[in-house]
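Next comes final-v1.txt, with compact mmCIF, C-alpha atoms.
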# COMPACT_ATOMS: atom_id res chain seq x y z
CA MET O 1 -12.83 -31.63 12.78
CA THR O 2 -14.72 -29.96 9.99
CA ALA O 3 -17.85 -27.89 9.82
CA ASN O 4 -20.22 -28.05 6.94
CA VAL O 5 -23.49 -26.21 6.51
CA CYS O 6 -24.11 -27.63 3.07
CA GLU O 7 -27.45 -29.39 3.16
CA ALA O 8 -27.70 -30.21 -0.52
CA ASP O 9 -25.24 -30.28 -3.37
CA SER O 10 -27.30 -27.67 -5.20
CA THR O 11 -26.83 -25.09 -2.45
CA VAL O 12 -25.13 -21.97 -3.78
CA PHE O 13 -22.27 -21.01 -1.52
CA CYS O 14 -20.76 -17.64 -1.03
CA ALA O 15 -17.45 -19.23 -0.07
CA ARG O 16 -16.10 -22.75 0.39
CA LEU O 17 -12.97 -23.69 2.26
CA ASN O 18 -11.91 -27.26 1.72
CA GLU O 19 -9.23 -28.76 3.98
CA VAL O 20 -7.46 -25.41 4.17
CA SER O 21 -4.17 -25.26 6.04
CA LYS O 22 -1.91 -22.24 6.29
CA LEU O 23 1.69 -22.55 7.40
CA PHE O 24 3.99 -19.70 8.41
CA GLY O 25 7.33 -21.47 8.38
CA SER O 26 6.79 -24.48 10.59
CA PHE O 27 3.86 -22.89 12.46
CA ALA O 28 0.41 -23.98 11.31
CA ALA O 29 -2.01 -21.08 11.72
CA LEU O 30 -4.86 -23.07 10.12
CA ARG O 31 -5.20 -26.84 10.08
CA GLN O 32 -7.52 -28.56 7.62
CA VAL O 33 -10.37 -26.11 7.96
CA THR O 34 -13.45 -26.98 5.95
CA VAL O 35 -16.28 -24.47 6.03
CA ASP O 36 -19.04 -23.52 3.63
CA LEU O 37 -20.53 -20.04 3.88
CA GLU O 38 -24.05 -19.44 2.63
CA PRO O 39 -25.24 -16.14 1.22
CA GLY O 40 -27.23 -13.89 3.52
CA ARG O 41 -25.79 -15.36 6.70
CA CYS O 42 -23.67 -13.91 9.43
CA TYR O 43 -20.86 -16.08 10.79
CA VAL O 44 -19.11 -15.19 14.01
CA LEU O 45 -15.58 -16.54 14.52
CA LEU O 46 -14.50 -17.03 18.09
CA GLY O 47 -11.25 -18.25 19.56
CA GLU O 48 -8.39 -17.25 21.77
CA ASN O 49 -5.48 -15.14 20.50
CA GLY O 50 -3.52 -17.05 17.87
CA ALA O 51 -6.37 -19.44 17.14
CA GLY O 52 -6.25 -18.53 13.44
CA LYS O 53 -9.25 -16.19 13.14
CA SER O 54 -7.45 -13.35 11.37
CA THR O 55 -5.56 -15.79 9.14
CA LEU O 56 -8.85 -17.39 8.12
CA LEU O 57 -10.26 -13.97 7.17
CA ARG O 58 -7.14 -13.07 5.20
CA VAL O 59 -7.32 -16.38 3.34
CA LEU O 60 -10.98 -15.70 2.51
CA ALA O 61 -10.05 -12.18 1.37
CA GLY O 62 -7.39 -13.55 -0.97
CA LEU O 63 -4.62 -11.71 0.87
CA LEU O 64 -3.05 -15.03 1.86
CA ARG O 65 -2.89 -18.18 -0.20
CA PRO O 66 -3.54 -21.43 1.61
CA SER O 67 -0.55 -23.75 1.94
CA PHE O 68 -2.85 -26.73 1.41
CA GLY O 69 -6.50 -27.08 0.46
CA THR O 70 -8.70 -24.90 -1.71
CA VAL O 71 -10.74 -21.72 -1.27
CA LYS O 72 -13.51 -20.84 -3.70
CA VAL O 73 -15.79 -17.82 -3.58
CA PHE O 74 -18.96 -16.95 -5.52
CA GLY O 75 -18.98 -20.26 -7.35
CA ASP O 76 -15.67 -21.42 -8.69
CA ASN O 77 -13.58 -18.25 -8.33
CA ALA O 78 -10.36 -17.96 -6.39
CA PRO O 79 -10.63 -15.08 -3.88
CA GLN O 80 -7.78 -13.28 -5.71
CA ASP O 81 -9.98 -13.09 -8.81
CA ALA O 82 -13.02 -11.75 -6.96
CA ARG O 83 -11.50 -9.24 -4.58
CA ALA O 84 -13.74 -6.42 -5.81
CA ARG O 85 -16.74 -8.35 -4.44
CA ILE O 86 -15.13 -8.88 -1.05
CA GLY O 87 -14.87 -6.25 1.67
CA TYR O 88 -12.15 -6.73 4.26
CA MET O 89 -11.73 -4.71 7.43
CA SER O 90 -8.69 -5.46 9.57
CA HIS O 91 -7.57 -4.44 13.09
CA ALA O 92 -5.79 -1.47 11.50
CA PRO O 93 -7.95 1.23 9.88
CA MET O 94 -6.38 0.72 6.40
CA LEU O 95 -6.72 4.46 5.80
CA TYR O 96 -4.35 7.42 5.54
CA ASP O 97 -3.92 9.55 8.66
CA GLU O 98 -3.03 12.62 6.57
CA LEU O 99 -6.35 12.68 4.67
CA THR O 100 -9.86 13.50 5.83
CA ALA O 101 -12.47 10.73 5.95
CA GLN O 102 -14.10 12.01 2.75
CA GLU O 103 -10.75 12.21 0.95
CA ASN O 104 -9.88 8.68 2.03
CA LEU O 105 -13.21 7.32 0.84
CA ARG O 106 -13.11 9.22 -2.45
CA TYR O 107 -9.65 7.74 -3.07
CA PHE O 108 -10.76 4.17 -2.42
CA ALA O 109 -14.03 4.57 -4.33
CA SER O 110 -12.08 5.62 -7.42
CA LEU O 111 -10.08 2.37 -7.23
CA TYR O 112 -13.26 0.44 -8.12
CA PRO O 113 -13.89 1.55 -11.71
CA GLY O 114 -17.04 0.11 -13.24
CA ARG O 115 -18.45 -0.97 -9.90
CA PRO O 116 -21.30 1.11 -8.51
CA CYS O 117 -20.04 2.50 -5.21
CA LEU O 118 -21.81 4.35 -2.45
CA ALA O 119 -21.13 8.07 -2.31
CA PRO O 120 -18.48 8.73 0.37
CA ALA O 121 -20.84 11.05 2.27
CA GLU O 122 -23.56 8.39 2.19
CA ALA O 123 -21.16 5.70 3.48
CA LEU O 124 -20.06 7.98 6.31
CA LYS O 125 -23.67 8.72 7.26
CA GLN O 126 -24.40 5.00 7.31
CA VAL O 127 -21.74 4.45 9.95
CA GLY O 128 -22.91 7.43 11.97
CA LEU O 129 -20.17 9.91 11.07
CA ASP O 130 -20.63 13.50 9.97
CA PRO O 131 -19.41 13.82 6.35
CA ALA O 132 -18.77 17.52 6.92
CA LEU O 133 -15.90 16.86 9.34
CA THR O 134 -12.74 18.46 7.95
CA ARG O 135 -10.31 16.97 10.45
CA THR O 136 -7.75 14.55 9.09
CA LEU O 137 -8.06 10.94 10.18
CA GLY O 138 -5.00 11.26 12.41
CA GLN O 139 -7.08 13.51 14.66
CA TYR O 140 -9.94 11.00 14.97
CA SER O 141 -10.53 8.82 18.01
CA GLN O 142 -9.98 5.06 17.63
CA GLY O 143 -13.73 4.44 17.49
CA MET O 144 -14.22 7.04 14.75
CA ARG O 145 -11.38 5.51 12.75
CA GLN O 146 -13.00 2.13 13.13
CA ARG O 147 -16.26 3.49 11.77
CA THR O 148 -14.51 5.23 8.88
CA SER O 149 -12.81 1.94 8.14
CA LEU O 150 -16.21 0.24 8.00
CA ALA O 151 -17.43 2.99 5.66
CA ARG O 152 -14.46 2.22 3.39
CA VAL O 153 -15.40 -1.45 3.33
CA LEU O 154 -19.04 -0.67 2.56
CA LEU O 155 -18.20 1.70 -0.33
CA PRO O 156 -18.14 -0.87 -3.17
CA VAL O 157 -21.15 -2.68 -1.66
CA PRO O 158 -19.35 -6.03 -1.25
CA GLU O 159 -21.16 -9.34 -1.38
CA LEU O 160 -18.90 -10.91 1.25
CA LEU O 161 -17.98 -8.76 4.23
CA LEU O 162 -15.03 -9.85 6.37
CA LEU O 163 -14.64 -7.93 9.62
CA ASP O 164 -11.72 -8.51 11.95
CA GLU O 165 -12.56 -7.33 15.47
CA PRO O 166 -14.97 -4.61 14.32
CA PHE O 167 -16.15 -3.79 17.86
CA SER O 168 -12.74 -3.18 19.40
CA ASN O 169 -12.24 0.42 20.58
CA MET O 170 -15.96 1.08 20.25
CA ASP O 171 -18.33 2.18 22.98
CA VAL O 172 -21.43 0.07 23.55
CA GLU O 173 -23.78 2.44 21.73
CA SER O 174 -21.55 2.67 18.64
CA ALA O 175 -21.18 -1.12 18.59
CA ARG O 176 -24.96 -1.51 18.80
CA GLN O 177 -25.38 0.87 15.85
CA MET O 178 -22.82 -1.13 13.89
CA VAL O 179 -24.68 -4.36 14.59
CA GLU O 180 -27.92 -2.75 13.32
CA LEU O 181 -26.13 -1.65 10.17
CA LEU O 182 -24.73 -5.15 9.63
CA ALA O 183 -28.17 -6.68 10.21
CA GLY O 184 -29.51 -4.58 7.33
CA PHE O 185 -26.56 -5.65 5.23
CA ARG O 186 -27.24 -9.32 5.91
CA GLN O 187 -30.90 -8.94 4.97
CA SER O 188 -29.86 -7.88 1.48
CA ASN O 189 -28.53 -11.45 1.00
CA ARG O 190 -24.92 -10.55 1.67
CA THR O 191 -22.62 -12.68 3.79
CA ILE O 192 -20.81 -11.41 6.85
CA VAL O 193 -17.93 -13.03 8.70
CA ILE O 194 -16.96 -11.38 11.99
CA THR O 195 -14.10 -12.25 14.30
CA THR O 196 -14.55 -11.00 17.82
CA HIS O 197 -13.75 -11.56 21.46
CA GLN O 198 -17.02 -9.83 22.37
CA ARG O 199 -19.45 -12.62 21.54
CA GLU O 200 -22.41 -10.84 23.14
CA MET O 201 -22.00 -7.86 20.80
CA ALA O 202 -22.37 -9.98 17.67
CA ALA O 203 -24.97 -12.36 19.13
CA PRO O 204 -28.04 -10.51 17.72
CA ILE O 205 -26.93 -11.16 14.11
CA ALA O 206 -24.98 -14.42 14.47
CA ASP O 207 -26.56 -17.16 12.35
CA TRP O 208 -23.61 -19.45 13.00
CA VAL O 209 -20.88 -19.38 15.59
CA LEU O 210 -17.61 -21.01 14.61
CA THR O 211 -14.96 -21.52 17.26
CA LEU O 212 -11.33 -22.04 16.30
CA HIS O 213 -8.75 -23.61 18.54
CA ALA O 214 -5.09 -23.86 17.53
CA GLY O 215 -6.04 -23.44 13.87
CA ARG O 216 -8.72 -26.14 13.87
CA VAL O 217 -12.49 -25.81 13.89
CA ALA O 218 -13.40 -26.71 17.48
CA SER O 219 -17.14 -26.18 17.12
CA PHE O 220 -19.66 -24.93 14.61
CA GLU O 221 -23.02 -24.16 16.14
CA PRO O 222 -26.13 -22.28 15.10
CA GLY O 223 -26.53 -18.90 16.72
CA SER O 224 -29.76 -17.31 17.88
CA PRO O 225 -30.06 -14.20 15.76
CA ILE O 226 -32.83 -11.65 16.14
CA ARG O 227 -34.59 -11.38 12.79
CA MET J 1 -5.40 2.84 -16.74
CA LEU J 2 -4.64 6.54 -16.43
CA HIS J 3 -7.54 7.11 -14.07
CA ALA J 4 -6.22 4.91 -11.26
CA LEU J 5 -2.68 6.13 -11.83
CA TRP J 6 -3.87 9.72 -11.50
CA THR J 7 -5.85 8.83 -8.36
CA HIS J 8 -2.78 7.30 -6.68
CA LEU J 9 -0.57 10.19 -7.77
CA VAL J 10 -2.92 12.92 -6.52
CA LYS J 11 -3.21 11.10 -3.20
CA ASP J 12 0.58 10.88 -2.81
CA LEU J 13 1.07 14.54 -3.74
CA ARG J 14 -1.68 15.65 -1.37
CA ILE J 15 -0.20 13.68 1.53
CA GLU J 16 3.29 15.05 0.82
CA TRP J 17 1.94 18.60 0.55
CA ARG J 18 0.46 18.21 4.05
CA SER J 19 3.33 16.41 5.71
CA ARG J 20 6.36 17.54 3.62
CA GLU J 21 8.21 14.57 5.11
CA ALA J 22 9.99 13.38 1.99
CA VAL J 23 11.02 16.74 0.52
CA ASN J 24 12.20 18.20 3.83
CA SER J 25 14.30 15.21 4.81
CA MET J 26 15.85 14.97 1.34
CA LEU J 27 16.54 18.68 1.08
CA PHE J 28 18.36 18.98 4.39
CA PHE J 29 20.40 15.86 3.77
CA ALA J 30 21.40 16.95 0.25
CA LEU J 31 22.28 20.44 1.46
CA LEU J 32 24.47 18.94 4.13
CA VAL J 33 26.32 16.75 1.62
CA VAL J 34 26.88 19.67 -0.76
CA VAL J 35 28.18 21.94 2.00
CA LEU J 36 30.42 19.24 3.51
CA PHE J 37 31.98 18.42 0.13
CA SER J 38 32.57 22.12 -0.53
CA LEU J 39 34.45 22.28 2.78
CA ALA J 40 36.37 19.06 2.17
CA PHE J 41 37.62 20.09 -1.30
CA ASP J 42 38.76 23.41 -2.66
CA PRO J 43 35.78 24.32 -4.81
CA ARG J 44 37.44 26.65 -7.24
CA GLY J 45 38.08 26.74 -10.98
CA ALA J 46 38.37 23.70 -13.21
CA PHE J 47 38.62 21.22 -10.35
CA SER J 48 35.19 22.16 -9.02
CA ARG J 49 33.67 21.49 -12.45
CA GLU J 50 35.32 18.05 -12.52
CA ILE J 51 33.96 16.94 -9.17
CA ALA J 52 30.65 18.83 -9.21
CA GLY J 53 28.84 16.21 -11.31
CA GLY J 54 29.81 13.46 -8.91
CA VAL J 55 28.91 15.49 -5.82
CA LEU J 56 25.50 16.41 -7.23
CA CYS J 57 24.67 12.81 -8.19
CA VAL J 58 25.90 11.33 -4.93
CA ALA J 59 24.04 13.97 -2.89
CA THR J 60 20.85 13.21 -4.82
CA MET J 61 21.37 9.47 -4.45
CA PHE J 62 21.92 9.46 -0.69
CA ALA J 63 19.17 11.99 -0.09
CA SER J 64 16.71 9.99 -2.20
CA VAL J 65 17.25 6.86 -0.14
CA SER J 66 15.70 8.57 2.90
CA ALA J 67 12.57 9.37 0.86
CA LEU J 68 12.50 5.99 -0.89
CA ASN J 69 12.67 4.22 2.45
CA GLN J 70 9.53 6.13 3.40
CA ALA J 71 7.86 5.55 0.02
CA TRP J 72 5.78 2.62 1.21
CA ALA J 73 5.83 3.40 4.93
CA ARG J 74 2.42 5.09 4.88
CA GLU J 75 0.93 2.12 3.07
CA ILE J 76 2.35 -0.28 5.64
CA ARG J 77 1.61 1.79 8.76
CA HIS J 78 -2.13 1.11 8.83
CA GLN J 79 -2.19 -1.80 6.37
CA VAL J 80 -3.41 0.51 3.60
CA LEU J 81 -1.53 -1.68 1.15
CA ASP J 82 -3.95 -4.53 1.89
CA ALA J 83 -6.88 -2.26 1.00
CA GLN J 84 -5.10 -1.34 -2.23
CA ARG J 85 -4.47 -5.02 -2.97
CA MET J 86 -8.19 -5.71 -2.50
CA ALA J 87 -9.10 -3.12 -5.15
CA PRO J 88 -9.53 -4.37 -8.73
CA THR J 89 -6.82 -2.14 -10.20
CA PRO J 90 -3.45 -3.43 -11.42
CA GLY J 91 -0.49 -2.99 -9.12
CA ALA J 92 1.50 -1.48 -12.00
CA GLU J 93 -0.56 1.70 -11.73
CA LEU J 94 0.15 1.99 -8.03
CA PHE J 95 3.86 1.48 -8.74
CA LEU J 96 4.00 3.98 -11.57
CA ALA J 97 2.17 6.62 -9.53
CA LYS J 98 4.60 6.11 -6.67
CA VAL J 99 7.58 6.44 -9.05
CA LEU J 100 6.12 9.63 -10.54
CA ALA J 101 5.52 11.08 -7.07
CA ASN J 102 9.06 10.25 -5.94
CA PHE J 103 10.44 11.62 -9.21
CA LEU J 104 8.65 14.92 -8.57
CA PHE J 105 9.90 15.08 -4.97
CA VAL J 106 13.53 14.45 -5.98
CA SER J 107 13.24 16.92 -8.87
CA VAL J 108 11.94 19.60 -6.50
CA VAL J 109 14.93 19.01 -4.25
CA GLN J 110 17.31 19.22 -7.22
CA LEU J 111 15.75 22.51 -8.32
CA LEU J 112 16.10 23.96 -4.84
CA LEU J 113 19.63 22.63 -4.58
CA ALA J 114 20.82 24.01 -7.94
CA PRO J 115 21.38 27.66 -6.93
CA VAL J 116 23.14 26.61 -3.72
CA PHE J 117 25.31 24.27 -5.74
CA LEU J 118 26.26 26.95 -8.28
CA VAL J 119 27.24 29.35 -5.49
CA PHE J 120 29.21 26.89 -3.33
CA TYR J 121 31.14 25.41 -6.24
CA ASN J 122 31.48 28.65 -8.18
CA LEU J 123 30.31 26.86 -11.34
CA HIS J 124 30.17 28.08 -14.94
CA VAL J 125 28.87 25.57 -17.43
CA GLU J 126 31.40 25.17 -20.27
CA GLY J 127 29.37 22.70 -22.32
CA GLN J 128 25.74 22.86 -23.48
CA ALA J 129 23.74 23.61 -20.33
CA TRP J 130 20.41 22.47 -21.82
CA GLN J 131 21.72 18.90 -21.84
CA LEU J 132 21.56 18.94 -18.04
CA ALA J 133 17.77 19.10 -18.49
CA LEU J 134 18.05 15.63 -20.07
CA VAL J 135 20.70 14.07 -17.88
CA LEU J 136 19.30 14.95 -14.47
CA PRO J 137 15.69 13.77 -15.11
CA LEU J 138 16.91 10.56 -16.80
CA GLY J 139 19.30 9.79 -13.95
CA THR J 140 16.68 10.68 -11.35
CA TRP J 141 14.15 8.43 -13.03
CA ALA J 142 16.63 5.53 -12.98
CA LEU J 143 17.16 6.09 -9.28
CA VAL J 144 13.51 6.41 -8.24
CA ALA J 145 12.13 3.65 -10.49
CA ASN J 146 14.59 1.12 -9.08
CA GLY J 147 14.40 2.62 -5.60
CA THR J 148 10.61 2.47 -5.45
CA PHE J 149 10.65 -1.12 -6.67
CA PHE J 150 13.31 -2.30 -4.21
CA ALA J 151 11.68 -0.33 -1.39
CA ALA J 152 8.50 -2.33 -2.10
CA LEU J 153 10.55 -5.52 -2.17
CA SER J 154 12.06 -4.80 1.24
CA ILE J 155 8.99 -3.46 3.08
CA ARG J 156 8.32 -6.74 4.82
CA SER J 157 11.91 -6.99 5.97
CA ARG J 158 12.88 -6.01 9.51
CA ASN J 159 16.10 -4.34 8.26
CA ARG J 160 14.48 -2.59 5.33
CA GLU J 161 16.31 0.73 5.86
CA LEU J 162 19.64 -1.05 5.55
CA LEU J 163 18.48 -3.45 2.88
CA LEU J 164 17.34 -0.81 0.38
CA PRO J 165 20.73 0.84 -0.27
CA LEU J 166 22.41 -2.57 -0.26
CA ILE J 167 20.20 -3.74 -3.13
CA LEU J 168 19.69 -0.42 -4.89
CA PHE J 169 23.21 0.98 -5.16
CA PRO J 170 24.84 -1.92 -7.06
CA ILE J 171 21.91 -2.03 -9.50
CA PHE J 172 21.97 1.75 -9.93
CA MET J 173 25.76 1.80 -10.52
CA PRO J 174 25.68 1.89 -14.38
CA ALA J 175 23.14 4.72 -14.33
CA LEU J 176 25.13 6.58 -11.67
CA LEU J 177 28.28 6.27 -13.77
CA ALA J 178 26.50 7.56 -16.87
CA MET J 179 24.90 10.39 -14.91
CA VAL J 180 28.20 11.52 -13.34
CA LEU J 181 30.17 11.31 -16.58
CA ALA J 182 27.47 13.09 -18.58
CA THR J 183 27.16 15.87 -15.98
CA THR J 184 30.94 16.29 -15.81
CA SER J 185 31.13 16.39 -19.63
CA ILE J 186 28.51 19.12 -19.73
CA LEU J 187 30.09 21.16 -16.93
CA THR J 188 33.64 20.95 -18.30
CA GLY J 189 32.73 20.93 -21.99
CA ASP J 190 35.59 18.47 -22.58
CA SER J 191 33.64 15.71 -24.30
CA ASP J 192 30.30 14.87 -25.86
CA PRO J 193 27.80 13.46 -23.32
CA THR J 194 25.48 11.96 -25.98
CA LEU J 195 26.66 8.39 -25.40
CA TRP J 196 25.96 8.64 -21.67
CA ILE J 197 22.54 10.18 -22.28
CA LYS J 198 21.66 7.28 -24.60
CA LEU J 199 22.89 4.82 -21.99
CA LEU J 200 20.69 6.48 -19.35
CA LEU J 201 17.68 6.36 -21.68
CA GLY J 202 18.23 2.67 -22.42
CA TYR J 203 18.72 1.90 -18.72
CA ASP J 204 15.48 3.71 -17.85
CA ILE J 205 13.44 1.89 -20.47
CA ILE J 206 14.76 -1.56 -19.54
CA PHE J 207 14.55 -1.21 -15.77
CA THR J 208 11.18 0.57 -15.73
CA THR J 209 9.71 -2.18 -17.92
CA VAL J 210 11.14 -4.96 -15.75
CA CYS J 211 9.92 -3.28 -12.55
CA LEU J 212 6.43 -2.78 -14.01
CA LEU J 213 6.23 -6.42 -15.07
CA LEU J 214 7.42 -7.76 -11.71
CA PHE J 215 5.62 -5.37 -9.39
CA ASP J 216 2.43 -7.44 -9.04
CA VAL J 217 4.53 -10.36 -7.83
CA VAL J 218 6.21 -8.15 -5.22
CA LEU J 219 2.92 -6.57 -4.18
CA ASN J 220 1.22 -9.90 -3.58
CA ALA J 221 4.19 -11.64 -1.97
CA GLU J 222 3.43 -13.07 1.48
Could you spell out this file's structure in structure tokens?
Amino acid sequence: MTANVCEADSTVFCARLNEVSKLFGSFAALRQVTVDLEPGRCYVLLGENGAGKSTLLRVLAGLLRPSFGTVKVFGDNAPQDARARIGYMSHAPMLYDELTAQENLRYFASLYPGRPCLAPAEALKQVGLDPALTRTLGQYSQGMRQRTSLARVLLPVPELLLLDEPFSNMDVESARQMVELLAGFRQSNRTIVITTHQREMAAPIADWVLTLHAGRVASFEPGSPIR
Amino acid sequence: MLHALWTHLVKDLRIEWRSREAVNSMLFFALLVVVLFSLAFDPRGAFSREIAGGVLCVATMFASVSALNQAWAREIRHQVLDAQRMAPTPGAELFLAKVLANFLFVSVVQLLLAPVFLVFYNLHVEGQAWQLALVLPLGTWALVANGTFFAALSIRSRNRELLLPLILFPIFMPALLAMVLATTSILTGDSDPTLWIKLLLGYDIIFTTVCLLLFDVVLNAE
């Protein structure tokens, strides 16, 4: 089964997956997934553990190459050639425990030469963290790490934001603040893809809800976002 | 190019300054090897000068493996390597910064080890001592450049701590031989170490170039 939101050939897509399959040995994590992602939309990926959600995000991020099929982002680019325009947040914080939040963000910002990045302090404020904190990340709670991780992703102001379980380890209030932040992000014509088990958390910004089952697209339905 | 390299290097040095994991583990291991060898052999007179080069190089080599095994551990622990792969900077800079950082860590250990070594082995350099300032950095570079590369190659392996020495030591053998023979030549003053120094230089240039060229492939391997 495929899902396609393309209404006209002239539609400009943020990303297009065409018949994408990903094999790990003999195990198929994704099976012939076809999805088009429009700019300025938020897509929520649902599915049980092992359904292929994280693999799909990693394929979109260019961290995994599809075994079969094609992935194109921002026109005709392979994700590997447009990584600077893609922000990817995984389960793990992708940050160094031994550095402070500001040091981590300064480090990652300097890896994007020529791309206008947010100031680390500004990114931390956006996710509701105090930039003046001098504790190293190893001394942060899981929720604070998660928010710092989001700040890292937001630094280079990506056009496609891929978030793997962003609400895990977060209290309800912090998750609500994150959703508000992402809503603002979406309104600036940027695309968001979120995987989550907490559908109700992402519901206010979900334009489309895509459900994966055993690596296949089981359903692709419009959401009911609050605009 | 230098900007990203510097960024990676400063980050590695800052993390090591705070944790001191690599230097501490290497230092204690190397000290142990030096002391054990001094107990196993009679470290006096000409004989100590003949074996000292080998002991120093082997102590450095085994001690370095503990640090090299950890070289990419921090990047793997919280998937930081994926964030680095997403950044639009070439992997070669990340590799070179890591090699430089490891080179500095091993050199610090060698500097701290030197006085202990001189005392335990009762050494007097018979040859030209300044040549040690060429041999040791060149040999260390050969070890850490290859070690950092093969540590990256084995990070996704379950048995990476065993795999690294198994791959690294055979490849490092020519450099180890040149390093030991050059050091022994300098300590005993019996022969000219120039040939071995040239061999080390050639080895470093070839292997560093190959590692730099192949690192992106290793970094993006699935």
Requested in this report: Find the spatial neighbours of Ala29 (chain O), counting all atoms listed in the file, within a cut-off of 9 Å - ignore same-chain residues fewer than 3 positions away - and output them as a PyMOL selection string.
Outcome: chain O and resi 21-24+50-53+55-56+214-216
Considering all atoms listed in the file, return as a ChimeraX atom specification whatever protein or nucleic-acid residues lie within 6 Å of region 27-35 of chain J, sequence-local ones (same chain, fewer than 6 positions apart) excluded. /J:59,63,109
Q.
Quick check: residues of chain O within 6 Å of chain J, all atoms listed in the file, returned as a ChimeraX atom specification.
A. /O:83-84,92-95,98,111
What lies within 7 Å of Gly40 (chain O) using only C-alpha atoms, ignoring chain neighbours under 6 positions off, as a PyMOL selection string?
chain O and resi 186-191
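Atom pair CA of Asp12 (chain J) / CA of Asn146 (chain J): separated by 18.2 Å.
Neighbours of Pro116 (chain O) closer than or equal to 12 Å, with all atoms listed in the file counted and sequence neighbours fewer than 5 positions away skipped, come out as Ala84, Arg85, Ala109, Ser110, Leu111, Leu154, Leu155, Pro156, Val157 and Pro158 of chain O.
Between CA of Asn77 (chain O) and CA of Asp36 (chain O) the separation is 14.2 Å.
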From the list J:Ala133, J:Ala67, J:Ala73, J:Ala52, the nearest residue to Leu118 (chain J) using only C-alpha atoms is J:Ala52
